[in-house]
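What follows is a single structure, written as C-alpha cells, with notes after it.
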Amino acid sequence: LGSRRRGRRRAQSGQLGGLGRGLPHEVADAFATDPEISIVLLSDRLSKSNLHTHSVNVMLLSILIGKARDAGAQDLKDIGLGALFHDIGMLKVPDAIRMKEESEWTSADYAYMQLHTDLGTKMTLNMPEFPVAARGIVAMHHEYFDGSGYPFKLAGEKIPLFARYATVADRYDELCNPPKLLDSTPPAQALSRMFKTEGAHFDPSALASFIKSMGVYPPGSLVELSNGALGLVTSVNRDNTLRPVVTLWQEKTKPEDAPLIDLAVETELKITRSLRPDELEPEVREYLNPRARTAYFYAKAVSN
C-alpha cells in the first residue's frame, strides 16, 4: 500500500522519464543473455545517489522473477519497463498528502493515494511506445492474488502475470526499506513474512521463484558466522544459497577495505544466524550497512 516512504521517494522522481527504455532494456538483455547473472548488493560506497532507489530495486527484482519463470527477452524488457515506472502516478499525488506521516492520513488521503495506479496508467497512455504489458504493471501492481488489493479487486490469474511479479518485488522492497533503518525487516525475515503471513496476497509461483532466486540469506542480510565474525551478505552463490559472499566487519579497517569472504570457498565457516540492525553496535551497523535503503544491481554470479 502507499506509504510515506514511497511518497517521499516519488517527490524526488521528476527525472524518472529520463531513464526511458535504456536502463530496463540493458538489465533485461543482461539477464536474457547471461545464465550466470544475479542480483548483488550495491553499497552506498559505490553509489552516491538514492534517487530512484525503490523504482530501480523493483525493476531489478521483477526481472529476476521473470527470469526465474523463463520469461523471454522481450517479456523481460516489458517487465523491467513497467516495474521501473510502476509508481509514476505518485507524481500526480499532491505533496500535502504525500509528505504526511501515514498515521496522519485521513480516509480521503488514503483514497487519493490509491489513485496513483490510475493516474500512472493515464500518464503512460501519453507515451505512445509504452508497451501494453508494461502498462498492466503500472495499473495493477497493487492487486492481490486473494482479491483484497486495488483498484479492481482482481484475483488469481485475472491479474496480469507481469503485475503479479511486480507485486512481489514491490512488497519485498517496502519491507526491507522503510523510512528508518531500525524499522527495516531483515531480508530473510521479509521473505519469511511474505511466505508465512502474507502469502495469500501473492502468486504462489512468483513468490516461490523469488524466494529461490534470492537465497536463504538474500543480499543485504546482516549475519553472524560460526567464528563469531559479523558481516553483510553482498551476493548469492547460485549453486549453494546457504553459502553466499559476505563482507566482514573488521575493526580498524576502512569500510572500503573490508574483507570479502566467499563461504562456498571457505567451507570451514558457515552462517549461524541472521541479525537485525538493532542487534549490532552502532559502529558495526554503520560500517556494514551505512544506508537506510538497500539498493541492488546485477553482476555475474560467483561461481565455484
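In the C-alpha cells, chains take letters A, B, ... by order of appearance, with residues numbered from 1 within each chain and ligands from 1 in the order shown.
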
Worksheet entry | Who sits within 9 Å of Asp109 of chain A, only C-alpha atoms, same chain under 5 positions skipped, as number ranges by chain | A: 97-98, 104, 114

Write to file, as a PDB file, in the first residue's frame, the residues of the selection just made, with N, CA and C atoms.
ATOM      1  N   ILE A  97      -0.407  15.548   0.676  1.00  0.00           N
ATOM      2  CA  ILE A  97      -0.766  14.189   1.086  1.00  0.00           C
ATOM      3  C   ILE A  97       0.484  13.324   1.137  1.00  0.00           C
ATOM      4  N   ARG A  98       1.297  13.443   0.115  1.00  0.00           N
ATOM      5  CA  ARG A  98       2.477  12.581   0.001  1.00  0.00           C
ATOM      6  C   ARG A  98       3.442  12.742   1.160  1.00  0.00           C
ATOM      7  N   GLU A 104      -1.061  10.031   9.944  1.00  0.00           N
ATOM      8  CA  GLU A 104      -1.838  11.275   9.865  1.00  0.00           C
ATOM      9  C   GLU A 104      -2.829  11.277   8.709  1.00  0.00           C
ATOM     10  N   GLN A 114      -4.411   5.813  -3.215  1.00  0.00           N
ATOM     11  CA  GLN A 114      -4.724   4.641  -4.017  1.00  0.00           C
ATOM     12  C   GLN A 114      -4.976   4.991  -5.480  1.00  0.00           C
TER      13      GLN A 114
END

Go through segment 213-272 of chain A residue by residue and, counting only C-alpha atoms, keep those with an atom at most 6 Å from segment 185-207 of chain A; for each kept residue give the shortest atom pair and its distance in Å to one decimal, ordered by chain and increasing number, as a tab-separated table.
residue	atom	partner	partner_atom	distance
A:Tyr217	CA	A:Ala188	CA	5.7
A:Pro218	CA	A:Pro187	CA	5.9
A:Ser221	CA	A:Pro187	CA	5.6

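Those residues that approach Thr117 of chain A to within 9 Å, counting only C-alpha atoms, are His86, Asp87, Ile88, Gly89, Met90, Met113, Gln114, Leu115, Leu119, Gly120, Thr121, Lys122, Val138, Ala139, Met140, His141, His142, Tyr150 and Pro151 of chain A; same-chain residues fewer than 2 positions away are not listed.
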
Residues within 7 Å of segment 244-247 of chain A, please, as a short mmCIF file (atom, residue, chain, number, x, y, z; two decimals) with N, CA, C and O atoms, in the first residue's frame. Count only C-alpha atoms; anything in the same chain fewer than 3 positions from it doesn't count.
data_model
loop_
_atom_site.label_atom_id
_atom_site.label_comp_id
_atom_site.auth_asym_id
_atom_site.auth_seq_id
_atom_site.Cartn_x
_atom_site.Cartn_y
_atom_site.Cartn_z
N GLY A 231 28.94 -9.83 9.48
CA GLY A 231 29.10 -9.42 8.09
C GLY A 231 27.78 -9.08 7.41
O GLY A 231 26.69 -9.22 8.00
N LEU A 232 27.89 -8.66 6.17
CA LEU A 232 26.77 -8.28 5.32
C LEU A 232 26.82 -9.12 4.05
O LEU A 232 27.84 -9.12 3.35
N VAL A 233 25.75 -9.84 3.76
CA VAL A 233 25.69 -10.63 2.53
C VAL A 233 25.62 -9.68 1.35
O VAL A 233 24.75 -8.80 1.28
N THR A 234 26.54 -9.86 0.41
CA THR A 234 26.57 -8.98 -0.76
C THR A 234 26.14 -9.66 -2.05
O THR A 234 25.73 -8.99 -3.00
N SER A 235 26.21 -10.98 -2.13
CA SER A 235 25.70 -11.69 -3.30
C SER A 235 25.48 -13.15 -2.94
O SER A 235 26.00 -13.65 -1.94
N VAL A 236 24.70 -13.83 -3.79
CA VAL A 236 24.30 -15.20 -3.54
C VAL A 236 25.08 -16.14 -4.46
O VAL A 236 25.27 -15.86 -5.64
N ASN A 237 25.53 -17.25 -3.91
CA ASN A 237 26.10 -18.30 -4.74
C ASN A 237 24.97 -19.14 -5.30
O ASN A 237 24.22 -19.77 -4.55
N THR A 241 22.90 -21.71 -1.92
CA THR A 241 22.37 -20.47 -1.33
C THR A 241 22.65 -20.35 0.16
O THR A 241 22.48 -19.27 0.72
N ALA A 258 37.14 -3.45 3.59
CA ALA A 258 36.61 -4.57 4.36
C ALA A 258 36.85 -5.88 3.61
O ALA A 258 36.68 -5.96 2.39
N PRO A 259 37.25 -6.93 4.33
CA PRO A 259 37.49 -8.22 3.67
C PRO A 259 36.20 -8.84 3.15
O PRO A 259 35.14 -8.71 3.77
N LEU A 260 36.29 -9.50 2.03
CA LEU A 260 35.17 -10.18 1.39
C LEU A 260 35.44 -11.68 1.45
O LEU A 260 36.52 -12.13 1.06
N ILE A 261 34.48 -12.45 1.94
CA ILE A 261 34.68 -13.89 2.09
C ILE A 261 33.60 -14.65 1.33
O ILE A 261 32.41 -14.33 1.44
N ASP A 262 34.03 -15.60 0.55
CA ASP A 262 33.12 -16.46 -0.21
C ASP A 262 32.96 -17.76 0.57
O ASP A 262 33.88 -18.58 0.63
N LEU A 263 31.79 -17.96 1.17
CA LEU A 263 31.58 -19.13 2.01
C LEU A 263 31.52 -20.43 1.21
O LEU A 263 31.64 -21.51 1.78
N ALA A 264 31.37 -20.32 -0.10
CA ALA A 264 31.44 -21.52 -0.94
C ALA A 264 32.88 -22.02 -1.06
O ALA A 264 33.11 -23.18 -1.37
#

Worksheet item: Which parts of segment 106-252 of chain A does DSSP call helix (DSSP H, G or I) when run on the backbone here, written out as a PyMOL selection string?
Response: chain A and resi 107-114+116-125+132-140+156-158+161-176+181-183+187-196+199-201+204-214
